[in-house]
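Engineer: For reference, this is input_31.json, and it has JSON, C-alpha atoms.
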```
[["chain", "number", "residue", "atom", "x", "y", "z"],
["A", 54, "MET", "CA", 7.98, 15.75, -3.05],
["A", 55, "ALA", "CA", 5.48, 13.74, -5.12],
["A", 56, "THR", "CA", 6.54, 10.42, -6.64],
["A", 57, "GLU", "CA", 6.16, 11.85, -10.15],
["A", 58, "GLN", "CA", 8.64, 14.61, -9.33],
["A", 59, "ILE", "CA", 11.04, 12.10, -7.79],
["A", 60, "SER", "CA", 10.81, 9.90, -10.89],
["A", 61, "GLN", "CA", 11.48, 12.86, -13.18],
["A", 62, "LYS", "CA", 14.44, 13.95, -11.05],
["A", 63, "LEU", "CA", 15.86, 10.43, -11.17],
["A", 64, "TYR", "CA", 15.55, 10.35, -14.94],
["A", 65, "GLN", "CA", 17.16, 13.79, -15.32],
["A", 66, "THR", "CA", 20.09, 12.82, -13.10],
["A", 67, "VAL", "CA", 20.68, 9.53, -14.90],
["A", 68, "SER", "CA", 20.26, 11.14, -18.31],
["A", 69, "GLN", "CA", 22.89, 13.76, -17.50],
["A", 70, "PHE", "CA", 25.27, 11.07, -16.24],
["A", 71, "VAL", "CA", 24.81, 9.03, -19.42],
["A", 72, "LYS", "CA", 25.44, 12.09, -21.61],
["A", 73, "LYS", "CA", 28.69, 12.77, -19.75],
["A", 74, "THR", "CA", 29.84, 9.13, -19.72],
["A", 75, "PRO", "CA", 28.06, 7.31, -22.59],
["A", 76, "LYS", "CA", 30.30, 4.23, -22.41],
["A", 77, "LEU", "CA", 29.08, 3.55, -18.88],
["A", 78, "ALA", "CA", 25.37, 3.49, -19.76],
["A", 79, "ALA", "CA", 25.50, -0.16, -20.81],
["A", 80, "LYS", "CA", 27.13, -1.04, -17.48],
["A", 81, "LEU", "CA", 24.40, 0.59, -15.39],
["A", 82, "GLU", "CA", 21.73, -1.65, -13.93],
["A", 83, "PHE", "CA", 18.59, -0.52, -12.17],
["A", 84, "ASP", "CA", 16.98, -3.07, -9.90],
["A", 85, "LEU", "CA", 13.20, -2.80, -9.91],
["A", 86, "SER", "CA", 11.81, -4.68, -6.95],
["A", 87, "GLU", "CA", 8.91, -6.75, -8.09],
["A", 88, "SER", "CA", 6.80, -5.67, -5.14],
["A", 89, "SER", "CA", 7.23, -2.01, -6.13],
["A", 90, "LEU", "CA", 5.87, -2.86, -9.57],
["A", 91, "GLN", "CA", 2.65, -4.46, -8.32],
["A", 92, "GLU", "CA", 0.57, -1.43, -9.29],
["A", 93, "PRO", "CA", 2.98, 1.00, -10.92],
["A", 94, "LEU", "CA", 1.86, 4.53, -11.60],
["A", 95, "PRO", "CA", 1.73, 5.59, -15.28],
["A", 96, "HIS", "CA", 4.64, 8.00, -14.83],
["A", 97, "THR", "CA", 6.72, 5.19, -13.30],
["A", 98, "LEU", "CA", 6.25, 3.05, -16.40],
["A", 99, "GLU", "CA", 7.16, 6.05, -18.55],
["A", 100, "ILE", "CA", 10.41, 6.59, -16.61],
["A", 101, "ILE", "CA", 11.26, 2.89, -16.84],
["A", 102, "GLU", "CA", 10.85, 3.05, -20.63],
["A", 103, "LYS", "CA", 12.97, 6.22, -20.84],
["A", 104, "LEU", "CA", 15.75, 4.61, -18.78],
["A", 105, "HIS", "CA", 15.66, 1.62, -21.11],
["A", 106, "GLN", "CA", 15.99, 3.95, -24.11],
["A", 107, "LEU", "CA", 19.14, 5.40, -22.52],
["A", 108, "GLY", "CA", 20.67, 1.92, -22.72],
["A", 109, "ILE", "CA", 20.39, 1.11, -19.03],
["A", 110, "THR", "CA", 19.81, -2.51, -18.06],
["A", 111, "LEU", "CA", 16.58, -2.95, -16.12],
["A", 112, "VAL", "CA", 16.44, -5.86, -13.71],
["A", 113, "ILE", "CA", 13.46, -7.33, -11.88],
["A", 114, "ASP", "CA", 14.80, -8.00, -8.42],
["A", 115, "ARG", "CA", 13.31, -10.60, -6.07],
["A", 116, "PHE", "CA", 11.63, -12.37, -9.01],
["A", 117, "GLY", "CA", 9.03, -14.80, -7.74],
["A", 118, "LYS", "CA", 8.25, -12.85, -4.59],
["A", 119, "GLY", "CA", 5.31, -10.91, -6.06],
["A", 120, "VAL", "CA", 2.24, -11.98, -7.98],
["A", 121, "ALA", "CA", 2.78, -10.22, -11.31],
["A", 122, "SER", "CA", 6.12, -11.68, -12.42],
["A", 123, "MET", "CA", 4.90, -13.07, -15.71],
["A", 124, "LEU", "CA", 3.14, -9.87, -16.70],
["A", 125, "HIS", "CA", 6.30, -7.86, -16.01],
["A", 126, "LEU", "CA", 8.32, -10.12, -18.28],
["A", 127, "LYS", "CA", 5.78, -9.57, -21.04],
["A", 128, "THR", "CA", 5.24, -5.83, -20.74],
["A", 129, "MET", "CA", 8.39, -4.22, -19.34],
["A", 130, "PRO", "CA", 11.69, -3.64, -21.14],
["A", 131, "VAL", "CA", 13.71, -5.70, -18.67],
["A", 132, "SER", "CA", 16.94, -7.47, -19.60],
["A", 133, "LYS", "CA", 17.57, -9.52, -16.49],
["A", 134, "ILE", "CA", 15.88, -11.04, -13.47],
["A", 135, "LYS", "CA", 17.21, -11.94, -10.05],
["A", 136, "ILE", "CA", 15.65, -15.09, -8.64],
["A", 137, "GLU", "CA", 14.50, -14.60, -5.07],
["A", 138, "ARG", "CA", 16.80, -16.25, -2.50],
["A", 139, "GLU", "CA", 13.89, -18.24, -1.03],
["A", 140, "PHE", "CA", 14.01, -20.45, -4.13],
["A", 141, "ILE", "CA", 17.80, -20.86, -3.94],
["A", 142, "ARG", "CA", 17.99, -21.60, -0.21],
["A", 143, "ASP", "CA", 16.84, -25.22, -0.51],
["A", 144, "LEU", "CA", 17.67, -25.76, -4.17],
["A", 145, "ASP", "CA", 19.94, -28.69, -3.41],
["A", 146, "THR", "CA", 17.44, -30.44, -1.11],
["A", 147, "ASN", "CA", 13.94, -29.59, -2.34],
["A", 148, "GLU", "CA", 12.72, -31.02, -5.65],
["A", 149, "ARG", "CA", 9.96, -28.42, -5.99],
["A", 150, "SER", "CA", 12.48, -25.57, -5.65],
["A", 151, "ARG", "CA", 14.72, -27.27, -8.23],
["A", 152, "ASN", "CA", 11.84, -27.56, -10.67],
["A", 153, "LEU", "CA", 10.74, -23.95, -10.17],
["A", 154, "VAL", "CA", 14.26, -22.57, -10.61],
["A", 155, "ARG", "CA", 14.87, -24.75, -13.67],
["A", 156, "ALA", "CA", 11.58, -23.57, -15.20],
["A", 157, "VAL", "CA", 12.30, -19.88, -14.50],
["A", 158, "ILE", "CA", 15.77, -20.15, -16.05],
["A", 159, "ARG", "CA", 14.39, -21.91, -19.14],
["A", 160, "MET", "CA", 11.53, -19.46, -19.52],
["A", 161, "THR", "CA", 13.66, -16.35, -19.18],
["A", 162, "SER", "CA", 16.28, -17.81, -21.50],
["A", 163, "GLU", "CA", 13.58, -18.31, -24.14],
["A", 164, "LEU", "CA", 12.70, -14.63, -23.70],
["A", 165, "GLY", "CA", 16.34, -13.62, -24.19],
["A", 166, "LEU", "CA", 16.81, -12.45, -20.60],
["A", 167, "GLU", "CA", 19.75, -13.01, -18.30],
["A", 168, "VAL", "CA", 19.27, -14.66, -14.92],
["A", 169, "GLN", "CA", 21.01, -14.05, -11.61],
["A", 170, "ALA", "CA", 20.46, -16.26, -8.59],
["A", 171, "VAL", "CA", 20.55, -14.51, -5.22],
["A", 172, "GLY", "CA", 21.64, -16.21, -2.01],
["A", 173, "VAL", "CA", 24.03, -18.91, -3.25],
["A", 174, "GLU", "CA", 25.68, -20.32, -0.16],
["A", 175, "ASN", "CA", 27.08, -23.73, -1.09],
["A", 176, "GLN", "CA", 28.75, -25.56, -3.96],
["A", 177, "ALA", "CA", 25.77, -27.87, -4.55],
["A", 178, "GLN", "CA", 23.55, -24.84, -5.22],
["A", 179, "LEU", "CA", 26.11, -23.35, -7.58],
["A", 180, "ASP", "CA", 26.55, -26.66, -9.44],
["A", 181, "THR", "CA", 22.79, -26.99, -9.89],
["A", 182, "LEU", "CA", 22.48, -23.42, -11.15],
["A", 183, "ALA", "CA", 25.33, -23.97, -13.62],
["A", 184, "GLU", "CA", 23.63, -27.16, -14.83],
["A", 185, "PHE", "CA", 20.40, -25.20, -15.40],
["A", 186, "GLY", "CA", 22.22, -22.46, -17.34],
["A", 187, "CYS", "CA", 22.05, -19.63, -14.82],
["A", 188, "HIS", "CA", 24.14, -16.68, -16.06],
["A", 189, "TYR", "CA", 25.14, -15.04, -12.78],
["A", 190, "TRP", "CA", 24.95, -15.63, -9.07],
["A", 191, "GLN", "CA", 25.67, -13.84, -5.84],
["A", 192, "GLY", "CA", 25.95, -15.05, -2.29],
["A", 193, "LYS", "CA", 28.14, -16.05, 0.61],
["A", 194, "LEU", "CA", 29.74, -19.03, -1.15],
["A", 195, "TYR", "CA", 32.89, -17.10, -2.00],
["A", 196, "MET", "CA", 32.50, -13.72, -0.31],
["A", 197, "LEU", "CA", 30.69, -12.56, 2.78],
["A", 198, "PRO", "CA", 28.97, -9.17, 2.73],
["A", 199, "GLN", "CA", 31.41, -6.32, 3.28],
["A", 200, "THR", "CA", 31.20, -2.64, 4.05],
["A", 201, "ALA", "CA", 31.94, -0.06, 1.36],
["A", 202, "ASP", "CA", 34.98, 1.06, 3.38],
["A", 203, "THR", "CA", 36.40, -2.45, 3.28],
["A", 204, "VAL", "CA", 35.82, -2.88, -0.45],
["A", 205, "PHE", "CA", 37.26, 0.49, -1.45],
["A", 206, "THR", "CA", 40.32, 0.34, 0.80],
["A", 207, "GLN", "CA", 41.48, -3.20, -0.02],
["A", 208, "ASP", "CA", 45.05, -3.41, -1.29],
["A", 209, "THR", "CA", 45.01, -4.75, -4.86],
["A", 210, "ASN", "CA", 48.72, -5.70, -4.85]]
```
Spit out the file's structure as C-alpha coordinates when you get a sec.

Structural biologist:
Amino acid sequence: MATEQISQKLYQTVSQFVKKTPKLAAKLEFDLSESSLQEPLPHTLEIIEKLHQLGITLVIDRFGKGVASMLHLKTMPVSKIKIEREFIRDLDTNERSRNLVRAVIRMTSELGLEVQAVGVENQAQLDTLAEFGCHYWQGKLYMLPQTADTVFTQDTN
(Lines of atoms letter the chains of each structure in order from A and count residues from 1; the text may use other names and numbers.)
(Lines give C-alpha, C1' and ligand atoms only; values in the text may rest on other atoms or scores of the structure.)
Protein backbone atom coordinates (compact mmCIF):
# COMPACT_ATOMS: atom_id res chain seq x y z
CA MET A 1 0.00 0.00 0.00
CA ALA A 2 1.40 3.44 -0.93
CA THR A 3 2.19 5.94 1.82
CA GLU A 4 -0.53 8.27 0.54
CA GLN A 5 -3.13 5.52 0.97
CA ILE A 6 -1.81 4.72 4.44
CA SER A 7 -2.00 8.39 5.42
CA GLN A 8 -5.57 8.66 4.15
CA LYS A 9 -6.57 5.48 5.99
CA LEU A 10 -5.03 6.82 9.19
CA TYR A 11 -6.96 10.07 8.85
CA GLN A 12 -10.23 8.25 8.13
CA THR A 13 -9.81 5.98 11.15
CA VAL A 14 -8.96 8.85 13.49
CA SER A 15 -11.73 11.03 12.07
CA GLN A 16 -14.31 8.31 12.70
CA PHE A 17 -13.03 7.83 16.25
CA VAL A 18 -13.25 11.56 16.95
CA LYS A 19 -16.81 11.71 15.59
CA LYS A 20 -17.83 8.86 17.90
CA THR A 21 -15.99 10.22 20.96
CA PRO A 22 -15.53 14.00 20.47
CA LYS A 23 -14.53 14.63 24.10
CA LEU A 24 -11.48 12.42 23.64
CA ALA A 25 -10.08 14.31 20.64
CA ALA A 26 -8.34 16.87 22.84
CA LYS A 27 -6.70 14.04 24.80
CA LEU A 28 -5.23 12.38 21.71
CA GLU A 29 -1.60 13.05 20.91
CA PHE A 30 0.23 12.02 17.78
CA ASP A 31 3.99 11.86 18.05
CA LEU A 32 5.70 12.89 14.83
CA SER A 33 9.30 11.77 14.92
CA GLU A 34 11.46 14.58 13.73
CA SER A 35 13.48 12.28 11.50
CA SER A 36 10.30 11.23 9.67
CA LEU A 37 9.60 14.88 8.94
CA GLN A 38 12.96 15.60 7.31
CA GLU A 39 11.47 15.60 3.82
CA PRO A 40 7.74 15.04 4.29
CA LEU A 41 5.61 14.27 1.29
CA PRO A 42 2.90 16.83 0.43
CA HIS A 43 0.11 14.43 1.39
CA THR A 44 1.78 13.87 4.77
CA LEU A 45 1.67 17.58 5.53
CA GLU A 46 -1.97 17.65 4.43
CA ILE A 47 -2.86 14.80 6.82
CA ILE A 48 -0.98 16.50 9.66
CA GLU A 49 -3.02 19.66 9.10
CA LYS A 50 -6.28 17.68 8.95
CA LEU A 51 -5.45 15.91 12.23
CA HIS A 52 -4.76 19.28 13.81
CA GLN A 53 -8.14 20.54 12.61
CA LEU A 54 -9.78 17.58 14.37
CA GLY A 55 -8.37 18.93 17.64
CA ILE A 56 -5.62 16.36 18.03
CA THR A 57 -2.40 17.46 19.71
CA LEU A 58 0.59 17.06 17.42
CA VAL A 59 3.94 16.49 19.10
CA ILE A 60 7.42 16.60 17.61
CA ASP A 61 9.15 13.65 19.22
CA ARG A 62 12.93 13.41 19.63
CA PHE A 63 13.27 17.18 19.19
CA GLY A 64 16.89 18.09 18.56
CA LYS A 65 17.77 14.80 16.90
CA GLY A 66 17.14 16.00 13.33
CA VAL A 67 18.29 19.02 11.40
CA ALA A 68 14.99 20.76 10.68
CA SER A 69 13.65 21.35 14.20
CA MET A 70 13.32 25.10 13.90
CA LEU A 71 11.54 24.93 10.56
CA HIS A 72 9.03 22.44 11.97
CA LEU A 73 8.22 24.78 14.84
CA LYS A 74 7.58 27.56 12.36
CA THR A 75 5.55 25.70 9.75
CA MET A 76 3.71 22.82 11.41
CA PRO A 77 0.67 23.02 13.68
CA VAL A 78 2.40 21.34 16.61
CA SER A 79 1.42 21.97 20.23
CA LYS A 80 4.21 20.18 22.06
CA ILE A 81 7.75 18.93 21.69
CA LYS A 82 9.61 16.14 23.42
CA ILE A 83 13.25 16.95 24.05
CA GLU A 84 15.52 14.12 22.97
CA ARG A 85 16.91 12.09 25.89
CA GLU A 86 20.50 12.71 24.76
CA PHE A 87 20.14 16.28 26.03
CA ILE A 88 18.62 15.16 29.34
CA ARG A 89 21.12 12.38 30.08
CA ASP A 90 23.90 14.70 31.25
CA LEU A 91 21.77 17.72 32.10
CA ASP A 92 22.99 17.80 35.68
CA THR A 93 26.69 17.49 34.77
CA ASN A 94 27.18 19.18 31.39
CA GLU A 95 26.87 22.96 31.11
CA ARG A 96 26.35 22.84 27.34
CA SER A 97 23.41 20.44 27.73
CA ARG A 98 21.95 22.69 30.45
CA ASN A 99 22.21 25.72 28.18
CA LEU A 100 20.66 23.92 25.20
CA VAL A 101 17.75 22.56 27.23
CA ARG A 102 17.15 25.93 28.89
CA ALA A 103 17.16 27.64 25.47
CA VAL A 104 14.77 25.09 23.92
CA ILE A 105 12.34 25.43 26.83
CA ARG A 106 12.44 29.24 26.63
CA MET A 107 12.05 29.26 22.86
CA THR A 108 9.13 26.85 22.79
CA SER A 109 7.47 28.65 25.68
CA GLU A 110 7.66 31.90 23.68
CA LEU A 111 5.93 30.04 20.83
CA GLY A 112 3.17 28.86 23.17
CA LEU A 113 4.19 25.21 23.00
CA GLU A 114 4.39 22.67 25.80
CA VAL A 115 7.62 20.82 26.49
CA GLN A 116 8.21 17.27 27.67
CA ALA A 117 11.64 15.99 28.64
CA VAL A 118 12.36 12.36 27.81
CA GLY A 119 14.74 10.18 29.80
CA VAL A 120 14.61 11.76 33.28
CA GLU A 121 16.45 9.38 35.56
CA ASN A 122 17.47 11.34 38.65
CA GLN A 123 16.21 14.07 40.96
CA ALA A 124 18.89 16.56 39.88
CA GLN A 125 17.63 16.36 36.28
CA LEU A 126 14.04 16.81 37.40
CA ASP A 127 14.95 19.78 39.63
CA THR A 128 16.79 21.46 36.75
CA LEU A 129 13.89 20.89 34.37
CA ALA A 130 11.43 22.33 36.90
CA GLU A 131 13.69 25.36 37.35
CA PHE A 132 13.70 25.88 33.57
CA GLY A 133 9.90 25.63 33.36
CA CYS A 134 9.54 22.25 31.66
CA HIS A 135 5.87 21.23 31.58
CA TYR A 136 6.13 17.44 31.56
CA TRP A 137 8.71 14.71 31.89
CA GLN A 138 9.00 10.98 31.55
CA GLY A 139 11.66 8.55 32.61
CA LYS A 140 12.86 5.97 35.08
CA LEU A 141 13.02 8.34 38.05
CA TYR A 142 9.69 7.16 39.45
CA MET A 143 8.62 4.28 37.22
CA LEU A 144 10.52 1.73 35.18
CA PRO A 145 9.12 0.68 31.80
CA GLN A 146 6.33 -1.87 32.13
CA THR A 147 4.46 -4.20 29.84
CA ALA A 148 0.88 -3.43 28.83
CA ASP A 149 -0.24 -6.56 30.71
CA THR A 150 1.30 -5.24 33.91
CA VAL A 151 -0.23 -1.78 33.55
CA PHE A 152 -3.73 -3.00 32.71
CA THR A 153 -3.90 -5.72 35.36
CA GLN A 154 -2.62 -3.72 38.34
CA ASP A 155 -4.98 -3.65 41.31
CA THR A 156 -6.10 -0.06 41.92
CA ASN A 157 -7.32 -0.75 45.49

Engineer: Find the residues around stretch 149-159 of chain A up to 7 Å (all atoms listed in the file counted), leave out those fewer than 5 positions away in its own chain, and share them as a VMD selection string.

Structural biologist: chain A and resid 140 143 to 144 168 185 to 187

Engineer: Which residue gives the smallest distance to A:His96 among A:Phe83, A:Ile113, A:Ser162, A:Tyr64, with only C-alpha atoms counted?

Structural biologist: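 Of all the options, A:Tyr64 lies closest to A:His96.
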
Engineer: So the first atom is atom CA of A:Ala78 and the second is atom CA of A:Leu104; what is the distance between them in Å, to one decimal place?

Structural biologist: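 These atoms are spaced 9.7 Å apart.
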
Engineer: A:Val71, A:Met123, A:Ile136, A:Leu197: which is nearest A:Leu90, counting all atoms listed in the file?

Structural biologist: A:Met123

Engineer: Atom CA of A:Ile134 to atom CA of A:Gln169: how many Å, to one decimal?

Structural biologist: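 Distance between the two atoms: 6.2 Å.
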
Engineer: I'd like to know which of A:Lys135, A:Thr203, A:His105, A:Phe70 is closest to A:Thr161, using all atoms listed in the file.

Structural biologist: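 Looking only at the distances to A:Thr161, the closest residue turns out to be A:Lys135.
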
Engineer: So what do you get for atom CA of A:Leu111 versus atom CA of A:Val131, distance-wise?

Structural biologist: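 About the pair atom CA of A:Leu111 and atom CA of A:Val131: they are 4.7 Å apart.
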
Engineer: Near A:Ala170, within 8 Å and counting all atoms listed in the file, which residues show up once chain neighbours fewer than 5 positions away are dropped, as a list in words?

Structural biologist: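 Returned residues: Lys135, Ile136, Glu137, Arg138, Ile141, Leu182, Cys187, Tyr189, Trp190 and Gln191 of chain A.
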
Engineer: Set the distance at 8 Å and use all atoms listed in the file: which residues neighbour A:Asp145 once local chain neighbours fewer than 6 positions away are removed? I'd like the list as a list in words.

Structural biologist: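 Returned residues: Arg151, Ala177, Gln178 and Thr181 of chain A.
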
Engineer: Using only C-alpha atoms, pick whichever of A:Glu139, A:Thr146, A:Gln65, A:Lys118 has the shortest atom-to-atom distance to A:Val173.

Structural biologist: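 Between A:Glu139, A:Thr146, A:Gln65, A:Lys118, the residue approaching A:Val173 most closely is A:Glu139.
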
Engineer: Which residue gives the smallest distance to A:Arg142 among A:Asn175, A:Thr110, A:Thr128, A:Ser68, with all atoms listed in the file counted?

Structural biologist: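 Smallest distance to A:Arg142 is found for A:Asn175.
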
Engineer: Closest to A:Glu174 among A:Met196, A:Gln106, A:Met160, A:His188, using only C-alpha atoms?

Structural biologist: A:Met196
